[in-house]
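Note: the block below is input.txt and it holds compact mmCIF, N, CA and C atoms.
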```txt
# COMPACT_ATOMS: atom_id res chain seq x y z
N MET A 149 -22.50 -103.51 -2.28
CA MET A 149 -22.31 -104.91 -1.96
C MET A 149 -21.00 -105.38 -2.58
N GLU A 150 -20.25 -106.12 -1.82
CA GLU A 150 -19.01 -106.71 -2.32
C GLU A 150 -19.17 -108.21 -2.40
N LYS A 151 -18.72 -108.79 -3.51
CA LYS A 151 -18.77 -110.23 -3.72
C LYS A 151 -17.36 -110.70 -4.02
N ARG A 152 -16.84 -111.63 -3.19
CA ARG A 152 -15.48 -112.12 -3.38
C ARG A 152 -15.50 -113.64 -3.53
N ILE A 153 -14.93 -114.14 -4.62
CA ILE A 153 -14.85 -115.57 -4.88
C ILE A 153 -13.77 -116.17 -3.97
N ILE A 154 -14.10 -117.29 -3.33
CA ILE A 154 -13.17 -117.98 -2.44
C ILE A 154 -12.89 -119.37 -3.02
N ASN A 155 -11.69 -119.53 -3.57
CA ASN A 155 -11.24 -120.82 -4.10
C ASN A 155 -9.86 -121.12 -3.53
N PRO A 156 -9.81 -121.71 -2.32
CA PRO A 156 -8.52 -121.98 -1.68
C PRO A 156 -7.61 -122.87 -2.55
N PRO A 157 -6.34 -122.54 -2.61
CA PRO A 157 -5.41 -123.34 -3.42
C PRO A 157 -5.22 -124.76 -2.88
N SER A 158 -5.61 -125.01 -1.64
CA SER A 158 -5.46 -126.35 -1.06
C SER A 158 -6.59 -127.29 -1.48
N LEU A 159 -7.61 -126.76 -2.19
CA LEU A 159 -8.71 -127.59 -2.71
C LEU A 159 -8.53 -127.77 -4.22
N PRO A 160 -9.14 -128.80 -4.78
CA PRO A 160 -9.05 -128.96 -6.24
C PRO A 160 -9.58 -127.72 -6.95
N LYS A 161 -8.95 -127.38 -8.08
CA LYS A 161 -9.40 -126.21 -8.84
C LYS A 161 -10.83 -126.46 -9.33
N PRO A 162 -11.76 -125.53 -9.03
CA PRO A 162 -13.15 -125.73 -9.45
C PRO A 162 -13.31 -125.53 -10.96
N ARG A 163 -14.18 -126.33 -11.55
CA ARG A 163 -14.52 -126.19 -12.96
C ARG A 163 -16.02 -126.07 -13.05
N GLY A 164 -16.51 -124.90 -13.44
CA GLY A 164 -17.95 -124.70 -13.58
C GLY A 164 -18.65 -124.32 -12.29
N PHE A 165 -17.91 -123.98 -11.26
CA PHE A 165 -18.49 -123.53 -9.99
C PHE A 165 -17.39 -122.84 -9.19
N SER A 166 -17.76 -122.22 -8.08
CA SER A 166 -16.80 -121.66 -7.12
C SER A 166 -16.97 -122.40 -5.81
N HIS A 167 -15.87 -122.56 -5.05
CA HIS A 167 -15.97 -123.23 -3.75
C HIS A 167 -16.77 -122.40 -2.76
N GLY A 168 -16.62 -121.10 -2.82
CA GLY A 168 -17.36 -120.22 -1.92
C GLY A 168 -17.42 -118.80 -2.47
N ILE A 169 -18.40 -118.06 -1.98
CA ILE A 169 -18.53 -116.65 -2.34
C ILE A 169 -18.84 -115.89 -1.06
N LEU A 170 -18.00 -114.92 -0.74
CA LEU A 170 -18.16 -114.12 0.46
C LEU A 170 -18.88 -112.82 0.07
N ILE A 171 -19.97 -112.54 0.76
CA ILE A 171 -20.79 -111.36 0.47
C ILE A 171 -20.70 -110.40 1.65
N SER A 172 -20.50 -109.13 1.34
CA SER A 172 -20.54 -108.08 2.36
C SER A 172 -21.57 -107.04 1.92
N GLY A 173 -22.54 -106.78 2.79
CA GLY A 173 -23.59 -105.82 2.47
C GLY A 173 -24.62 -106.41 1.53
N GLY A 174 -25.61 -105.62 1.18
CA GLY A 174 -26.63 -106.05 0.24
C GLY A 174 -27.74 -106.86 0.87
N LYS A 175 -28.57 -107.45 0.01
CA LYS A 175 -29.73 -108.24 0.42
C LYS A 175 -29.60 -109.64 -0.16
N ILE A 176 -30.20 -110.61 0.50
CA ILE A 176 -30.19 -111.98 0.01
C ILE A 176 -31.57 -112.32 -0.54
N LEU A 177 -31.60 -112.85 -1.76
CA LEU A 177 -32.82 -113.32 -2.39
C LEU A 177 -32.78 -114.84 -2.38
N PHE A 178 -33.78 -115.47 -1.80
CA PHE A 178 -33.89 -116.92 -1.78
C PHE A 178 -34.65 -117.35 -3.03
N LEU A 179 -34.04 -118.19 -3.84
CA LEU A 179 -34.64 -118.64 -5.10
C LEU A 179 -35.26 -120.01 -4.92
N ALA A 180 -36.57 -120.09 -5.08
CA ALA A 180 -37.28 -121.36 -4.96
C ALA A 180 -36.85 -122.30 -6.07
N GLY A 181 -37.04 -123.59 -5.84
CA GLY A 181 -36.70 -124.57 -6.86
C GLY A 181 -37.45 -124.32 -8.15
N GLN A 182 -36.70 -124.29 -9.23
CA GLN A 182 -37.27 -124.08 -10.56
C GLN A 182 -36.99 -125.31 -11.40
N ASP A 183 -38.01 -125.78 -12.09
CA ASP A 183 -37.83 -126.90 -13.00
C ASP A 183 -37.98 -126.40 -14.43
N GLY A 184 -38.26 -127.27 -15.35
CA GLY A 184 -38.38 -126.90 -16.75
C GLY A 184 -39.76 -126.44 -17.15
N SER A 185 -40.52 -125.89 -16.21
CA SER A 185 -41.86 -125.38 -16.54
C SER A 185 -41.77 -124.04 -17.24
N GLY A 186 -42.55 -123.90 -18.30
CA GLY A 186 -42.62 -122.64 -19.02
C GLY A 186 -43.61 -121.70 -18.35
N PRO A 187 -43.82 -120.52 -18.94
CA PRO A 187 -44.73 -119.52 -18.36
C PRO A 187 -46.16 -120.02 -18.16
N ASP A 188 -46.57 -121.01 -18.95
CA ASP A 188 -47.93 -121.56 -18.82
C ASP A 188 -48.01 -122.65 -17.76
N GLY A 189 -46.88 -122.95 -17.10
CA GLY A 189 -46.86 -123.97 -16.05
C GLY A 189 -46.66 -125.38 -16.57
N LYS A 190 -46.60 -125.54 -17.89
CA LYS A 190 -46.41 -126.87 -18.47
C LYS A 190 -44.92 -127.13 -18.67
N MET A 191 -44.53 -128.38 -18.48
CA MET A 191 -43.14 -128.78 -18.64
C MET A 191 -42.72 -128.65 -20.09
N VAL A 192 -41.60 -127.99 -20.32
CA VAL A 192 -41.05 -127.89 -21.67
C VAL A 192 -40.07 -129.04 -21.89
N ALA A 193 -39.79 -129.35 -23.11
CA ALA A 193 -38.75 -130.31 -23.46
C ALA A 193 -38.89 -131.63 -22.70
N LEU A 194 -40.06 -132.24 -22.76
CA LEU A 194 -40.26 -133.53 -22.08
C LEU A 194 -39.20 -134.53 -22.51
N GLY A 195 -38.57 -135.17 -21.54
CA GLY A 195 -37.55 -136.17 -21.81
C GLY A 195 -36.20 -135.61 -22.19
N ASP A 196 -36.04 -134.28 -22.17
CA ASP A 196 -34.80 -133.62 -22.61
C ASP A 196 -34.18 -132.86 -21.44
N LEU A 197 -33.18 -133.45 -20.82
CA LEU A 197 -32.52 -132.85 -19.66
C LEU A 197 -31.95 -131.47 -19.99
N VAL A 198 -31.28 -131.35 -21.13
CA VAL A 198 -30.64 -130.08 -21.49
C VAL A 198 -31.69 -128.99 -21.70
N GLY A 199 -32.79 -129.31 -22.38
CA GLY A 199 -33.86 -128.34 -22.58
C GLY A 199 -34.50 -127.90 -21.28
N GLN A 200 -34.70 -128.84 -20.36
CA GLN A 200 -35.28 -128.49 -19.06
C GLN A 200 -34.29 -127.69 -18.22
N PHE A 201 -33.01 -128.01 -18.31
CA PHE A 201 -31.97 -127.25 -17.62
C PHE A 201 -32.00 -125.79 -18.08
N GLU A 202 -32.08 -125.60 -19.39
CA GLU A 202 -32.12 -124.25 -19.93
C GLU A 202 -33.34 -123.47 -19.42
N GLN A 203 -34.50 -124.10 -19.39
CA GLN A 203 -35.70 -123.42 -18.90
C GLN A 203 -35.59 -123.12 -17.41
N ALA A 204 -35.05 -124.06 -16.62
CA ALA A 204 -34.88 -123.82 -15.19
C ALA A 204 -33.96 -122.62 -14.95
N LEU A 205 -32.87 -122.52 -15.71
CA LEU A 205 -31.96 -121.37 -15.57
C LEU A 205 -32.65 -120.08 -15.95
N LYS A 206 -33.43 -120.10 -17.02
CA LYS A 206 -34.18 -118.90 -17.42
C LYS A 206 -35.15 -118.49 -16.32
N ASN A 207 -35.80 -119.47 -15.69
CA ASN A 207 -36.73 -119.17 -14.61
C ASN A 207 -36.01 -118.52 -13.43
N LEU A 208 -34.83 -119.04 -13.07
CA LEU A 208 -34.05 -118.46 -11.98
C LEU A 208 -33.62 -117.04 -12.32
N ARG A 209 -33.16 -116.84 -13.54
CA ARG A 209 -32.75 -115.50 -13.98
C ARG A 209 -33.93 -114.53 -13.93
N THR A 210 -35.10 -115.00 -14.32
CA THR A 210 -36.30 -114.16 -14.29
C THR A 210 -36.64 -113.72 -12.88
N VAL A 211 -36.50 -114.62 -11.90
CA VAL A 211 -36.77 -114.25 -10.50
C VAL A 211 -35.76 -113.22 -10.03
N ALA A 212 -34.48 -113.44 -10.33
CA ALA A 212 -33.44 -112.48 -9.92
C ALA A 212 -33.71 -111.10 -10.54
N GLU A 213 -34.08 -111.07 -11.81
CA GLU A 213 -34.35 -109.80 -12.49
C GLU A 213 -35.59 -109.11 -11.91
N ALA A 214 -36.61 -109.89 -11.55
CA ALA A 214 -37.83 -109.31 -10.97
C ALA A 214 -37.54 -108.66 -9.62
N ALA A 215 -36.48 -109.12 -8.94
CA ALA A 215 -36.09 -108.55 -7.65
C ALA A 215 -35.09 -107.40 -7.82
N GLY A 216 -34.77 -107.06 -9.07
CA GLY A 216 -33.84 -105.96 -9.32
C GLY A 216 -32.41 -106.40 -9.53
N GLY A 217 -32.18 -107.69 -9.68
CA GLY A 217 -30.82 -108.19 -9.87
C GLY A 217 -30.60 -108.72 -11.27
N THR A 218 -29.53 -109.49 -11.41
CA THR A 218 -29.20 -110.13 -12.67
C THR A 218 -28.75 -111.56 -12.38
N ALA A 219 -28.50 -112.30 -13.43
CA ALA A 219 -27.98 -113.66 -13.26
C ALA A 219 -26.64 -113.64 -12.53
N ALA A 220 -25.86 -112.58 -12.72
CA ALA A 220 -24.55 -112.47 -12.07
C ALA A 220 -24.66 -112.33 -10.55
N ASP A 221 -25.83 -112.01 -10.05
CA ASP A 221 -26.04 -111.87 -8.61
C ASP A 221 -26.31 -113.21 -7.93
N ILE A 222 -26.54 -114.25 -8.71
CA ILE A 222 -26.80 -115.57 -8.13
C ILE A 222 -25.48 -116.16 -7.64
N VAL A 223 -25.44 -116.47 -6.34
CA VAL A 223 -24.19 -116.89 -5.71
C VAL A 223 -24.19 -118.34 -5.25
N LYS A 224 -25.35 -119.01 -5.24
CA LYS A 224 -25.43 -120.40 -4.79
C LYS A 224 -26.54 -121.10 -5.54
N LEU A 225 -26.23 -122.26 -6.10
CA LEU A 225 -27.22 -123.10 -6.77
C LEU A 225 -27.13 -124.51 -6.23
N THR A 226 -28.28 -125.12 -6.00
CA THR A 226 -28.35 -126.54 -5.68
C THR A 226 -29.14 -127.18 -6.81
N ILE A 227 -28.52 -128.12 -7.48
CA ILE A 227 -29.11 -128.78 -8.65
C ILE A 227 -29.53 -130.19 -8.24
N PHE A 228 -30.80 -130.49 -8.50
CA PHE A 228 -31.33 -131.83 -8.24
C PHE A 228 -31.66 -132.45 -9.59
N VAL A 229 -31.16 -133.66 -9.83
CA VAL A 229 -31.43 -134.34 -11.09
C VAL A 229 -32.03 -135.71 -10.82
N ARG A 230 -32.79 -136.18 -11.77
CA ARG A 230 -33.36 -137.52 -11.63
C ARG A 230 -32.30 -138.58 -11.88
N HIS A 231 -31.39 -138.31 -12.86
CA HIS A 231 -30.37 -139.29 -13.21
C HIS A 231 -29.00 -138.60 -13.27
N ARG A 232 -28.18 -138.84 -12.27
CA ARG A 232 -26.85 -138.23 -12.20
C ARG A 232 -26.00 -138.61 -13.40
N ASP A 233 -26.05 -139.88 -13.81
CA ASP A 233 -25.23 -140.32 -14.93
C ASP A 233 -25.59 -139.59 -16.22
N GLU A 234 -26.86 -139.34 -16.44
CA GLU A 234 -27.28 -138.58 -17.63
C GLU A 234 -26.73 -137.16 -17.55
N TYR A 235 -26.82 -136.54 -16.38
CA TYR A 235 -26.28 -135.19 -16.19
C TYR A 235 -24.78 -135.18 -16.50
N MET A 236 -24.05 -136.12 -15.94
CA MET A 236 -22.60 -136.18 -16.14
C MET A 236 -22.24 -136.41 -17.61
N SER A 237 -23.04 -137.18 -18.32
CA SER A 237 -22.75 -137.47 -19.72
C SER A 237 -23.01 -136.27 -20.63
N LYS A 238 -23.72 -135.27 -20.12
CA LYS A 238 -24.08 -134.10 -20.93
C LYS A 238 -23.44 -132.82 -20.41
N LEU A 239 -22.34 -132.94 -19.68
CA LEU A 239 -21.72 -131.77 -19.07
C LEU A 239 -21.34 -130.70 -20.08
N LYS A 240 -20.82 -131.07 -21.24
CA LYS A 240 -20.43 -130.06 -22.23
C LYS A 240 -21.64 -129.30 -22.75
N GLU A 241 -22.71 -130.00 -23.09
CA GLU A 241 -23.94 -129.35 -23.55
C GLU A 241 -24.52 -128.45 -22.46
N LEU A 242 -24.56 -128.97 -21.24
CA LEU A 242 -25.08 -128.20 -20.11
C LEU A 242 -24.23 -126.96 -19.87
N GLY A 243 -22.92 -127.09 -19.99
CA GLY A 243 -22.02 -125.95 -19.83
C GLY A 243 -22.27 -124.88 -20.86
N ARG A 244 -22.51 -125.26 -22.12
CA ARG A 244 -22.81 -124.28 -23.17
C ARG A 244 -24.10 -123.54 -22.86
N VAL A 245 -25.12 -124.28 -22.43
CA VAL A 245 -26.40 -123.66 -22.08
C VAL A 245 -26.21 -122.71 -20.90
N TYR A 246 -25.46 -123.16 -19.89
CA TYR A 246 -25.22 -122.33 -18.71
C TYR A 246 -24.55 -121.01 -19.10
N ARG A 247 -23.48 -121.08 -19.88
CA ARG A 247 -22.75 -119.87 -20.27
C ARG A 247 -23.62 -118.95 -21.12
N ALA A 248 -24.47 -119.50 -21.97
CA ALA A 248 -25.36 -118.67 -22.79
C ALA A 248 -26.36 -117.91 -21.91
N CYS A 249 -26.75 -118.52 -20.81
CA CYS A 249 -27.75 -117.92 -19.92
C CYS A 249 -27.12 -117.05 -18.83
N PHE A 250 -25.97 -117.48 -18.30
CA PHE A 250 -25.38 -116.84 -17.12
C PHE A 250 -24.00 -116.24 -17.35
N GLY A 251 -23.41 -116.45 -18.52
CA GLY A 251 -22.08 -115.92 -18.78
C GLY A 251 -21.03 -116.62 -17.94
N ASP A 252 -20.10 -115.83 -17.41
CA ASP A 252 -18.99 -116.39 -16.63
C ASP A 252 -19.23 -116.32 -15.12
N ASN A 253 -20.48 -116.18 -14.69
CA ASN A 253 -20.81 -116.20 -13.27
C ASN A 253 -20.85 -117.65 -12.80
N TRP A 254 -19.94 -118.03 -11.91
CA TRP A 254 -19.86 -119.40 -11.41
C TRP A 254 -20.17 -119.43 -9.92
N PRO A 255 -21.44 -119.62 -9.56
CA PRO A 255 -21.81 -119.69 -8.14
C PRO A 255 -21.23 -120.92 -7.45
N ALA A 256 -21.32 -120.93 -6.15
CA ALA A 256 -21.09 -122.15 -5.40
C ALA A 256 -22.23 -123.10 -5.78
N MET A 257 -21.92 -124.37 -6.02
CA MET A 257 -22.94 -125.31 -6.49
C MET A 257 -22.83 -126.66 -5.81
N ALA A 258 -23.96 -127.36 -5.79
CA ALA A 258 -24.01 -128.74 -5.34
C ALA A 258 -24.97 -129.49 -6.27
N LEU A 259 -24.73 -130.78 -6.46
CA LEU A 259 -25.56 -131.62 -7.32
C LEU A 259 -26.02 -132.83 -6.53
N PHE A 260 -27.32 -133.12 -6.62
CA PHE A 260 -27.89 -134.28 -5.95
C PHE A 260 -28.77 -135.05 -6.91
N GLU A 261 -28.74 -136.36 -6.81
CA GLU A 261 -29.66 -137.20 -7.56
C GLU A 261 -30.85 -137.49 -6.65
N THR A 262 -32.05 -137.39 -7.21
CA THR A 262 -33.26 -137.65 -6.43
C THR A 262 -34.21 -138.52 -7.25
N SER A 263 -35.12 -139.19 -6.58
CA SER A 263 -35.98 -140.14 -7.27
C SER A 263 -37.22 -139.51 -7.90
N GLY A 264 -37.55 -138.29 -7.53
CA GLY A 264 -38.75 -137.68 -8.11
C GLY A 264 -38.89 -136.21 -7.76
N PHE A 265 -39.76 -135.56 -8.50
CA PHE A 265 -40.01 -134.13 -8.34
C PHE A 265 -41.49 -133.87 -8.20
N PHE A 266 -41.83 -132.66 -7.79
CA PHE A 266 -43.22 -132.26 -7.64
C PHE A 266 -43.97 -132.41 -8.96
N ASN A 267 -43.36 -131.91 -10.04
CA ASN A 267 -44.00 -131.98 -11.36
C ASN A 267 -43.58 -133.25 -12.10
N ASP A 268 -44.58 -134.01 -12.53
CA ASP A 268 -44.29 -135.19 -13.36
C ASP A 268 -43.58 -134.74 -14.62
N GLY A 269 -42.64 -135.51 -15.06
CA GLY A 269 -41.91 -135.19 -16.28
C GLY A 269 -40.67 -134.35 -16.05
N ALA A 270 -40.51 -133.82 -14.84
CA ALA A 270 -39.33 -133.01 -14.53
C ALA A 270 -38.12 -133.93 -14.40
N LEU A 271 -37.02 -133.52 -15.02
CA LEU A 271 -35.77 -134.26 -14.92
C LEU A 271 -34.76 -133.51 -14.07
N ILE A 272 -35.05 -132.24 -13.77
CA ILE A 272 -34.11 -131.39 -13.03
C ILE A 272 -34.89 -130.31 -12.29
N GLU A 273 -34.35 -129.89 -11.16
CA GLU A 273 -34.86 -128.73 -10.43
C GLU A 273 -33.67 -128.04 -9.80
N ILE A 274 -33.68 -126.70 -9.84
CA ILE A 274 -32.56 -125.92 -9.34
C ILE A 274 -33.08 -124.85 -8.40
N GLU A 275 -32.45 -124.73 -7.22
CA GLU A 275 -32.78 -123.67 -6.27
C GLU A 275 -31.49 -122.93 -5.93
N GLY A 276 -31.64 -121.78 -5.26
CA GLY A 276 -30.41 -121.07 -4.92
C GLY A 276 -30.63 -119.80 -4.14
N PHE A 277 -29.57 -118.98 -4.13
CA PHE A 277 -29.55 -117.69 -3.45
C PHE A 277 -28.93 -116.67 -4.39
N ALA A 278 -29.40 -115.44 -4.29
CA ALA A 278 -28.77 -114.32 -5.00
C ALA A 278 -28.45 -113.25 -3.99
N ALA A 279 -27.35 -112.54 -4.20
CA ALA A 279 -26.96 -111.42 -3.34
C ALA A 279 -27.15 -110.14 -4.15
N LEU A 280 -28.09 -109.32 -3.70
CA LEU A 280 -28.46 -108.10 -4.42
C LEU A 280 -27.93 -106.88 -3.71
N ALA A 281 -27.54 -105.88 -4.47
CA ALA A 281 -27.04 -104.63 -3.88
C ALA A 281 -28.16 -103.87 -3.21
```

Render the structure in this file as structure tokens.
Amino acid sequence: MEKRIINPPSLPKPRGFSHGILISGGKILFLAGQDGSGPDGKMVALGDLVGQFEQALKNLRTVAEAAGGTAADIVKLTIFVRHRDEYMSKLKELGRVYRACFGDNWPAMALFETSGFFNDGALIEIEGFAALA
């Protein structure tokens, strides 16, 4: 499988994401939305966006690994947050958590603010795609 980052010079330089990722060969893993639920199904870090973000990333990484991949195979993430302004105010903390969990893998990403989630107490949910060899 070949993975090529696409960041056209005519677009703003991406920070913390890639504009596109071109995949040749391999398999696609669809990653269901993950929130800050721990292994017991209970929400971790109630009221803490950064803590829930970290758990959601761990959950995504766990799914990728169960399919035979790694966090580096994740090529697209869609992030849903309850409060966009809170997310934006914590970008540095979120970036540190992201790098600790995913390293320098910067998928194509989108961020949306939403009014609610399936699980009460969730402040964030992340879904995506992984490209596996």

**Prompt:** Quick one: residues within 8 Å of Pro255 in chain A, all atoms listed in the file counted, chain neighbours fewer than 6 positions away excluded, as a count of residues only?
**Reply:** 11

**Request:** For range 197-200 of chain A, please output as a PyMOL selection string all residues within 8 Å (counting all atoms listed in the file; exclusion window: fewer than 4 positions along the same chain).
**Result:** chain A and resi 182-185+191-193+204-206+234-235+238+241-242+245+270-273

**Request:** Report the distance between CA of Gly243 in chain A and CA of Leu170 in chain A in Å, rounded to one decimal place.
**Result:** 23.8 Å

**Request:** Please give the complete set of residues from chain A that DSSP, run on the backbone, assigns to strand (DSSP E), formatted as a ChimeraX atom specification.
**Result:** /A:150-154,168-172,175-182,222-229,256-261,272-280

**Request:** Write down as number ranges by chain the residues belonging to chain A that are assigned alpha helix (DSSP H) by DSSP computed on the backbone.
**Result:** A: 197-214, 232-237, 239-250

**Top pick for closest residue to Asp196 in chain A, considering A:Ser172, A:Gly269, A:Ile227, A:Ala281 and counting all atoms listed in the file** =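 For Asp196 in chain A, the nearest of the given residues is A:Gly269.
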